[in-house]
Each structure stands twice: as structure tokens, then as C-alpha cells.
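Novice: Just one file: my_file.cif, with mmCIF, C-alpha atoms and all ligand atoms.
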```
data_model
#
loop_
_atom_site.label_atom_id
_atom_site.label_comp_id
_atom_site.auth_asym_id
_atom_site.auth_seq_id
_atom_site.Cartn_x
_atom_site.Cartn_y
_atom_site.Cartn_z
CA MET A 1 -62.36 -40.31 -204.67
CA ILE A 2 -61.39 -40.12 -208.36
CA HIS A 3 -62.73 -42.63 -210.82
CA LEU A 4 -62.01 -42.61 -214.54
CA PHE A 5 -63.82 -44.93 -216.92
CA ASN A 6 -62.49 -45.39 -220.45
CA VAL A 7 -61.35 -41.77 -220.64
CA SER A 8 -59.88 -40.50 -223.90
CA LYS A 9 -58.91 -37.00 -224.94
CA VAL A 10 -58.33 -36.03 -228.53
CA TYR A 11 -57.31 -32.39 -229.03
CA PRO A 12 -58.88 -30.49 -231.94
CA ASN A 13 -55.67 -30.90 -233.97
CA GLY A 14 -56.14 -34.67 -233.81
CA THR A 15 -53.55 -35.45 -231.12
CA VAL A 16 -54.67 -38.35 -228.97
CA ALA A 17 -53.33 -37.15 -225.61
CA VAL A 18 -55.04 -39.73 -223.41
CA PHE A 19 -56.50 -43.03 -224.58
CA ASP A 20 -58.98 -45.32 -222.83
CA ILE A 21 -57.78 -44.71 -219.27
CA ASN A 22 -59.38 -46.59 -216.39
CA LEU A 23 -58.14 -45.41 -213.01
CA ARG A 24 -59.35 -45.30 -209.45
CA ILE A 25 -57.67 -43.20 -206.77
CA ASN A 26 -58.94 -43.56 -203.22
CA LYS A 27 -59.12 -41.01 -200.44
CA GLY A 28 -55.82 -40.61 -198.62
CA GLU A 29 -53.64 -42.08 -201.37
CA PHE A 30 -50.33 -40.63 -202.57
CA VAL A 31 -49.94 -41.28 -206.30
CA PHE A 32 -47.26 -40.45 -208.82
CA LEU A 33 -48.36 -40.08 -212.41
CA VAL A 34 -45.25 -40.73 -214.47
CA GLY A 35 -44.27 -40.97 -218.09
CA PRO A 36 -42.09 -39.31 -220.69
CA SER A 37 -42.79 -35.88 -222.07
CA GLY A 38 -46.01 -35.89 -224.04
CA ALA A 39 -47.33 -39.06 -222.35
CA GLY A 40 -50.51 -37.31 -221.27
CA LYS A 41 -49.81 -36.48 -217.61
CA SER A 42 -50.82 -32.81 -217.80
CA THR A 43 -53.87 -33.65 -219.84
CA LEU A 44 -54.98 -36.14 -217.21
CA THR A 45 -54.60 -33.58 -214.38
CA ARG A 46 -56.56 -31.04 -216.44
CA LEU A 47 -59.31 -33.57 -217.03
CA ILE A 48 -59.61 -34.28 -213.30
CA PHE A 49 -59.75 -30.55 -212.50
CA ARG A 50 -62.28 -30.26 -215.34
CA GLU A 51 -60.23 -27.67 -217.09
CA GLN A 52 -60.59 -29.95 -220.12
CA LEU A 53 -63.44 -32.21 -221.13
CA PRO A 54 -62.72 -35.75 -222.31
CA THR A 55 -63.67 -36.71 -225.83
CA SER A 56 -65.14 -39.91 -224.45
CA GLY A 57 -65.42 -41.71 -221.13
CA GLN A 58 -66.61 -40.66 -217.69
CA ILE A 59 -64.85 -38.98 -214.77
CA TYR A 60 -66.17 -39.09 -211.22
CA PHE A 61 -64.93 -37.05 -208.26
CA ARG A 62 -66.42 -38.19 -204.97
CA GLU A 63 -69.13 -40.15 -206.78
CA ARG A 64 -70.18 -37.10 -208.81
CA ASN A 65 -69.90 -37.16 -212.56
CA VAL A 66 -67.72 -34.12 -213.23
CA LEU A 67 -68.98 -33.86 -216.80
CA ARG A 68 -72.49 -33.10 -215.59
CA LEU A 69 -71.73 -30.40 -213.02
CA ARG A 70 -73.61 -27.12 -213.00
CA GLN A 71 -71.56 -23.95 -212.56
CA ARG A 72 -72.01 -23.93 -208.77
CA GLU A 73 -71.00 -27.57 -208.50
CA LEU A 74 -67.98 -26.95 -210.69
CA LEU A 75 -66.83 -24.21 -208.29
CA ALA A 76 -67.37 -26.63 -205.40
CA LEU A 77 -65.23 -29.24 -207.18
CA ARG A 78 -62.42 -26.74 -207.67
CA ARG A 79 -62.65 -25.70 -204.03
CA GLN A 80 -61.92 -29.28 -203.09
CA ILE A 81 -58.86 -29.53 -205.34
CA GLY A 82 -55.65 -27.60 -204.68
CA MET A 83 -53.55 -27.27 -207.84
CA VAL A 84 -49.76 -26.83 -207.78
CA PHE A 85 -47.93 -25.95 -211.00
CA GLN A 86 -44.40 -26.28 -212.33
CA ASP A 87 -44.14 -22.54 -212.93
CA PHE A 88 -45.67 -21.65 -209.52
CA ARG A 89 -48.18 -19.20 -211.06
CA LEU A 90 -47.91 -16.66 -208.26
CA LEU A 91 -49.22 -13.15 -208.70
CA PRO A 92 -46.06 -11.02 -208.98
CA ARG A 93 -47.56 -7.82 -207.58
CA LYS A 94 -48.99 -9.49 -204.54
CA THR A 95 -47.02 -10.39 -201.41
CA VAL A 96 -46.71 -13.94 -200.10
CA PHE A 97 -49.58 -13.30 -197.69
CA GLU A 98 -51.75 -11.77 -200.41
CA ASN A 99 -51.05 -14.60 -202.83
CA VAL A 100 -52.27 -17.17 -200.32
CA ALA A 101 -55.13 -14.93 -199.17
CA PHE A 102 -56.31 -14.59 -202.77
CA ALA A 103 -57.19 -18.30 -202.89
CA LEU A 104 -59.65 -17.67 -200.04
CA GLU A 105 -60.90 -14.34 -201.37
CA VAL A 106 -62.08 -15.93 -204.61
CA LEU A 107 -64.02 -18.41 -202.49
CA GLY A 108 -65.69 -15.51 -200.70
CA ARG A 109 -64.13 -16.22 -197.31
CA SER A 110 -64.35 -13.46 -194.69
CA ARG A 111 -61.42 -11.27 -193.66
CA ARG A 112 -61.47 -12.91 -190.27
CA VAL A 113 -61.08 -16.39 -191.80
CA ILE A 114 -58.30 -15.11 -194.07
CA ARG A 115 -56.39 -13.52 -191.17
CA GLU A 116 -56.68 -16.80 -189.31
CA GLN A 117 -56.03 -19.34 -192.05
CA VAL A 118 -53.25 -17.75 -194.13
CA PRO A 119 -50.68 -17.69 -191.30
CA LEU A 120 -51.51 -21.33 -190.52
CA ALA A 121 -50.91 -22.36 -194.13
CA LEU A 122 -47.67 -20.39 -194.29
CA ALA A 123 -46.49 -22.00 -191.05
CA GLN A 124 -47.28 -25.44 -192.49
CA VAL A 125 -44.94 -24.82 -195.43
CA GLY A 126 -42.27 -23.16 -193.28
CA LEU A 127 -42.68 -19.62 -194.58
CA THR A 128 -43.56 -17.78 -191.40
CA GLY A 129 -41.73 -14.44 -191.52
CA LYS A 130 -41.93 -14.16 -195.33
CA GLU A 131 -45.50 -12.79 -195.40
CA ASP A 132 -44.55 -9.40 -196.83
CA ALA A 133 -42.05 -10.60 -199.44
CA PHE A 134 -42.92 -10.48 -203.13
CA PRO A 135 -42.45 -13.64 -205.24
CA ALA A 136 -39.42 -12.20 -207.04
CA GLU A 137 -37.68 -11.84 -203.67
CA LEU A 138 -37.96 -15.57 -202.97
CA SER A 139 -35.96 -18.60 -204.10
CA GLY A 140 -37.65 -21.08 -206.45
CA GLY A 141 -38.21 -23.48 -203.57
CA GLU A 142 -39.81 -20.76 -201.46
CA GLN A 143 -42.01 -19.71 -204.36
CA GLN A 144 -43.21 -23.26 -204.77
CA ARG A 145 -43.94 -23.45 -201.05
CA VAL A 146 -46.15 -20.39 -201.49
CA GLY A 147 -47.80 -22.37 -204.30
CA VAL A 148 -48.41 -25.24 -201.89
CA ALA A 149 -49.66 -22.88 -199.14
CA ARG A 150 -52.11 -21.41 -201.65
CA ALA A 151 -53.33 -24.92 -202.47
CA ILE A 152 -53.67 -26.16 -198.88
CA VAL A 153 -55.18 -23.00 -197.38
CA LYS A 154 -58.55 -24.01 -198.85
CA LYS A 155 -58.27 -27.32 -196.98
CA PRO A 156 -58.76 -29.31 -200.17
CA LEU A 157 -59.50 -33.02 -200.26
CA LEU A 158 -57.03 -33.45 -203.12
CA ILE A 159 -53.74 -31.84 -204.06
CA LEU A 160 -53.07 -32.15 -207.78
CA ALA A 161 -49.53 -31.13 -208.70
CA ASP A 162 -48.28 -30.93 -212.29
CA GLU A 163 -44.48 -31.32 -212.45
CA PRO A 164 -44.07 -29.35 -209.20
CA THR A 165 -40.31 -29.91 -208.99
CA GLY A 166 -39.65 -29.10 -212.65
CA ASN A 167 -37.99 -25.78 -211.81
CA LEU A 168 -36.31 -26.82 -208.55
CA ASP A 169 -32.88 -28.21 -207.71
CA PRO A 170 -32.64 -31.72 -206.21
CA ASP A 171 -32.44 -30.68 -202.53
CA THR A 172 -35.33 -28.28 -202.85
CA SER A 173 -37.30 -30.91 -204.74
CA TRP A 174 -36.84 -33.27 -201.82
CA GLU A 175 -37.99 -30.72 -199.30
CA LEU A 176 -41.08 -30.17 -201.41
CA MET A 177 -41.80 -33.91 -201.54
CA GLU A 178 -41.46 -34.13 -197.76
CA LEU A 179 -43.97 -31.32 -197.54
CA PHE A 180 -46.39 -33.20 -199.79
CA GLU A 181 -45.89 -36.30 -197.65
CA ARG A 182 -46.79 -34.37 -194.50
CA VAL A 183 -49.88 -32.94 -196.17
CA ASN A 184 -50.81 -36.48 -197.22
CA ARG A 185 -50.24 -37.83 -193.70
CA ASP A 186 -52.76 -35.28 -192.47
CA GLY A 187 -55.34 -36.95 -194.71
CA THR A 188 -55.20 -35.06 -198.02
CA THR A 189 -55.05 -37.17 -201.16
CA VAL A 190 -51.99 -36.24 -203.25
CA VAL A 191 -51.52 -36.83 -206.98
CA ILE A 192 -48.27 -35.66 -208.54
CA ALA A 193 -47.52 -35.73 -212.27
CA THR A 194 -43.78 -35.86 -212.77
CA HIS A 195 -40.90 -37.29 -214.73
CA ALA A 196 -38.51 -36.95 -211.80
CA TRP A 197 -37.70 -40.67 -211.77
CA ASP A 198 -35.13 -40.39 -208.93
CA ILE A 199 -37.69 -38.90 -206.57
CA VAL A 200 -40.36 -41.40 -207.56
CA ASN A 201 -38.00 -44.31 -206.92
CA ARG A 202 -37.00 -43.08 -203.49
CA MET A 203 -40.52 -42.34 -202.31
CA ARG A 204 -41.95 -45.84 -202.84
CA LYS A 205 -45.49 -44.69 -203.50
CA ARG A 206 -48.14 -45.86 -205.92
CA VAL A 207 -46.95 -45.22 -209.46
CA VAL A 208 -49.29 -44.91 -212.42
CA ALA A 209 -47.31 -44.86 -215.67
CA LEU A 210 -48.51 -43.39 -218.94
CA GLU A 211 -47.01 -43.85 -222.39
CA ASN A 212 -48.45 -42.31 -225.53
CA GLY A 213 -51.61 -41.52 -223.61
CA ARG A 214 -52.11 -45.09 -222.45
CA LEU A 215 -51.95 -46.35 -218.89
CA VAL A 216 -49.20 -48.96 -219.08
CA ARG A 217 -48.47 -49.69 -215.42
CA ASP A 218 -50.08 -49.18 -212.01
CA GLU A 219 -48.08 -50.42 -209.02
CA GLU A 220 -48.15 -49.96 -205.28
CA GLN A 221 -44.70 -48.86 -204.10
CA GLY A 222 -43.81 -48.61 -207.75
CA SER A 223 -40.70 -47.49 -209.50
CA TYR A 224 -39.90 -45.58 -212.64
CA SER A 225 -36.88 -46.48 -214.65
CA HIS A 226 -34.54 -43.77 -215.85
CA GLY A 227 -35.29 -42.74 -219.40
CA ALA A 228 -38.66 -44.50 -219.44
N1 LIG A 301 -53.88 -27.92 -226.07
C1 LIG A 301 -53.33 -28.88 -226.83
N2 LIG A 301 -53.60 -28.98 -228.14
C2 LIG A 301 -53.10 -29.96 -228.89
N3 LIG A 301 -52.27 -30.94 -228.42
C3 LIG A 301 -51.95 -30.88 -227.12
C4 LIG A 301 -52.46 -29.87 -226.25
N4 LIG A 301 -51.96 -30.08 -225.01
C5 LIG A 301 -51.20 -31.18 -225.10
N5 LIG A 301 -51.18 -31.67 -226.37
C6 LIG A 301 -50.50 -32.87 -226.85
O1 LIG A 301 -51.04 -33.97 -226.14
C7 LIG A 301 -50.03 -34.92 -225.81
C8 LIG A 301 -49.97 -35.06 -224.29
O2 LIG A 301 -49.54 -33.86 -223.72
P1 LIG A 301 -49.42 -33.62 -222.15
O3 LIG A 301 -49.02 -32.19 -221.95
O4 LIG A 301 -50.65 -34.09 -221.50
O5 LIG A 301 -48.22 -34.59 -221.79
P2 LIG A 301 -47.28 -34.62 -220.51
O6 LIG A 301 -47.08 -36.04 -220.19
O7 LIG A 301 -47.85 -33.76 -219.45
O8 LIG A 301 -45.95 -33.98 -221.08
P3 LIG A 301 -44.85 -33.04 -220.34
O9 LIG A 301 -44.18 -33.95 -219.36
O10 LIG A 301 -43.97 -32.63 -221.47
O11 LIG A 301 -45.61 -31.92 -219.72
C9 LIG A 301 -48.74 -34.37 -226.41
O12 LIG A 301 -48.57 -34.97 -227.66
C10 LIG A 301 -49.02 -32.88 -226.57
O13 LIG A 301 -48.27 -32.33 -227.62
#
```
Show the structure stored in the file as C-alpha cells.

Specialist:
Amino acid sequence: MIHLFNVSKVYPNGTVAVFDINLRINKGEFVFLVGPSGAGKSTLTRLIFREQLPTSGQIYFRERNVLRLRQRELLALRRQIGMVFQDFRLLPRKTVFENVAFALEVLGRSRRVIREQVPLALAQVGLTGKEDAFPAELSGGEQQRVGVARAIVKKPLLILADEPTGNLDPDTSWELMELFERVNRDGTTVVIATHAWDIVNRMRKRVVALENGRLVRDEEQGSYSHGA
């Protein structure tokens, strides 16, 4: 599904954020992208979402070269990827329902589809009954579940989460991981950038480790040592 060939990213200030990465992620996989702060995890997720362009190398999403997409194809790519962020990025003046609905509105979905799909997504993340609440009225864990509902409501092929538990306590983090696991069991590919080593070690999933922008380890049922 995702294929990176010799991908490097050098920011304009000269920082080499990602260096010569080769990586293949297949449909249906659950992958943790780990590494210390500054290792290049966020940059890699931004490259896959094509929010950033690599300085060199090639990136394919479903056999399409994402560097050669026209505007329409770029929108199609983003429709197939649900992003989840550390800081939730909810719209504060919109309710839970409206936040999730917005993801479909920007895709031009009809009101009928929105009325049908938003409650389903909210039920999937366990937020039925919270439709009319505003983000500030929710706990961090609930806000992140809205973030996940917003990502899954588009029925993406891939969920790309950047440090999704960074603002959550351990119990809430676990609940979120169980949610990602359920989404993955239903067939969605899940890639999570994190330095939550305790969660990674308990989940026993594929672990791709970055250090100083380099891919240093790629293991099935991998682990991540504390402080690494
Ligand atoms: N827009 C930018 N301009 C210049 N340098 C950047 C930019 N974004 C990131 N960097 C640098 O690139 C390197 C990789 O950063 P990145 O955010 O990808 O790492 P990370 O592994 O996600 O870190 P963290 O866990 O702290 O989020 C770091 O040295 C960072 O300072």
C-alpha cells in the first residue's frame, strides 16, 4: 500500500530529517513508527500524506507515485488517508457531530450521507450521546476519539496517527490503542508514530524504528526499549 524508495528529506535550514528510507507497508498492517524526539517520525507521516515533498527518493501509495499527482488525485489520496494528531485539531466552535460531519462536507458528501455516516462513526468510537457537546466539554480521551471518528468516517484505507496518545493518560492511551486495533481488524491499515515505548511493547505489532532520520530497525512483533 505504501512504498518508499530511498526517501530523504532535508528542510530548507539544512536539517536532514529523514535519510535514505526504504519501507514497504502492506494493506491491513498495523505498524508503529518509533524513535526518540527528532528522529523523523512526523516528517515521515507528512511525506506519506504528501504534506511535504521529499528532497530525493520516491513514494508510492497504492502503486501511484504521490510526487506526480495532479490536484484531483492529491485530494483522492487524502480522502483515502485518515490523519489523527497529538493535539486533536478539533474545531472548537463546532460540536462533536459537526466536527465529524466536516470531514465529509469537505469531500462534498450529501446531507443524507452525513446524517447516516456520522452517527455510525461516533458509535464506533463509543461517543453516542455526545453529539451536541463542544470539544472543550470533553475529556482529552473523548476529544481524541472525536479525532478518530473524524478520520474513520471517510472510510479511509489508511489511518496515519502522529503521537496520538501524547496528551493522554495511560488508561486513556490504552483505550485509544484498542480502538485502533478494532479499526485495523476491520481491514484498515494503521500506522502510528509514537515514542510511547510501554504501549508499543505490550501491543506486539510491527515496529519500524528511526534514529537521526535513518531506519535502524524493522521487526514483526517488535519492541522498543525504554529511552531508545
Ligand atoms: N519544518 C521544519 N523545518 C526545519 N526542521 C524541521 C522541520 N520539521 C522538523 N524539523 C527537524 O527535523 C528533524 C525531525 O523532526 P520530526 O518532527 O520529523 O521528528 P519526530 O521524530 O517526529 O520528533 P517528535 O517525536 O519530537 O515529534 C528534527 O531535527 C526537527 O527539528

Novice: Give me the residues of chain A that have any atom at most 7 Å from an atom of ligand LIG 301 (chain A); for each, the nearest atom pair and the distance in Å, rounded to one decimal. Use only C-alpha atoms and all ligand atoms, sort by chain and number, and format it as a Markdown table.

Specialist:
```
| residue | atom | partner | partner_atom | distance |
| --- | --- | --- | --- | --- |
| A:Tyr11 | CA | A:LIG301 | C2 | 4.9 |
| A:Pro12 | CA | A:LIG301 | C2 | 6.6 |
| A:Asn13 | CA | A:LIG301 | C2 | 5.8 |
| A:Thr15 | CA | A:LIG301 | N3 | 5.4 |
| A:Val16 | CA | A:LIG301 | O1 | 6.4 |
| A:Ala17 | CA | A:LIG301 | O1 | 4.0 |
| A:Val18 | CA | A:LIG301 | C8 | 6.9 |
| A:Gly35 | CA | A:LIG301 | O6 | 6.1 |
| A:Pro36 | CA | A:LIG301 | O9 | 5.9 |
| A:Ser37 | CA | A:LIG301 | O10 | 3.5 |
| A:Gly38 | CA | A:LIG301 | O5 | 3.4 |
| A:Ala39 | CA | A:LIG301 | O6 | 3.7 |
| A:Gly40 | CA | A:LIG301 | O4 | 3.2 |
| A:Lys41 | CA | A:LIG301 | O6 | 3.8 |
| A:Ser42 | CA | A:LIG301 | O7 | 3.5 |
| A:Thr43 | CA | A:LIG301 | O4 | 3.6 |
| A:Leu44 | CA | A:LIG301 | O4 | 6.4 |
| A:Thr194 | CA | A:LIG301 | O9 | 6.9 |
| A:His195 | CA | A:LIG301 | O9 | 6.6 |
| A:Gly213 | CA | A:LIG301 | C8 | 6.7 |
```

Novice: Need to verify the contact set: Glu131 (chain A), 12 Å, all atoms listed in the file, exclusion of same-chain residues closer than 3 positions in sequence. Can you return it as a PyMOL selection string?

Specialist: chain A and resi 94-101+115+118-123+126-128+134-135+137-138+142-143+146+149

Novice: Using all atoms listed in the file, pick whichever of A:Val200, A:Leu69, A:Phe85, A:Arg93 has the shortest atom-to-atom distance to Asp132 (chain A).

Specialist: A:Arg93

Novice: Measure the distance from CA of Phe19 (chain A) to CA of Arg214 (chain A) in Å and round it to one decimal.

Specialist: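 That distance, rounded to one decimal, is 5.3 Å.
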
Novice: Residues near region 56-58 of chain A, anyone? I mean within 6 Å using only C-alpha atoms, not counting same-chain ones fewer than 2 positions away, as a list of chain:residue names.

Specialist: A:Leu4, A:Phe5, A:Asn6, A:Val7, A:Ser8, A:Pro54

Novice: To one decimal in Å, tell me the separation between CA of Leu176 (chain A) and CA of Lys130 (chain A).

Specialist: 17.1 Å

Novice: Would you give the centre and edge lengths, in Å to one decimal, of a box along x, y and z around the listed atoms of region 179-194 of chain A, with 8 Å added to each side, as lines of an AutoDock Vina configuration file?

Specialist:
```
center_x = -49.6
center_y = -34.6
center_z = -202.6
size_x = 27.6
size_y = 22.5
size_z = 36.3
```

Novice: Restricting the calculation to only C-alpha atoms: of A:Val191, A:Leu23, A:Glu181, A:Leu91, which residue gets closest to Thr45 (chain A)?

Specialist: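 Ranked by minimum distance to Thr45 (chain A), first place goes to A:Val191.
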
Novice: Fewer than 3 positions away in the same chain doesn't count, so skip those; otherwise give me all residues within 12 Å of Leu75 (chain A), counting only C-alpha atoms, as a PDB file with C-alpha atoms, keeping the file's coordinate frame.

Specialist:
```pdb
ATOM      1  CA  PHE A  49     -59.750 -30.550-212.500  1.00  0.00           C
ATOM      2  CA  ARG A  50     -62.280 -30.260-215.340  1.00  0.00           C
ATOM      3  CA  GLU A  51     -60.230 -27.670-217.090  1.00  0.00           C
ATOM      4  CA  VAL A  66     -67.720 -34.120-213.230  1.00  0.00           C
ATOM      5  CA  LEU A  69     -71.730 -30.400-213.020  1.00  0.00           C
ATOM      6  CA  ARG A  70     -73.610 -27.120-213.000  1.00  0.00           C
ATOM      7  CA  GLN A  71     -71.560 -23.950-212.560  1.00  0.00           C
ATOM      8  CA  ARG A  72     -72.010 -23.930-208.770  1.00  0.00           C
ATOM      9  CA  ARG A  78     -62.420 -26.740-207.670  1.00  0.00           C
ATOM     10  CA  ARG A  79     -62.650 -25.700-204.030  1.00  0.00           C
ATOM     11  CA  GLN A  80     -61.920 -29.280-203.090  1.00  0.00           C
ATOM     12  CA  ILE A  81     -58.860 -29.530-205.340  1.00  0.00           C
ATOM     13  CA  VAL A 106     -62.080 -15.930-204.610  1.00  0.00           C
ATOM     14  CA  LEU A 107     -64.020 -18.410-202.490  1.00  0.00           C
ATOM     15  CA  GLY A 108     -65.690 -15.510-200.700  1.00  0.00           C
TER      16      GLY A 108
END
```
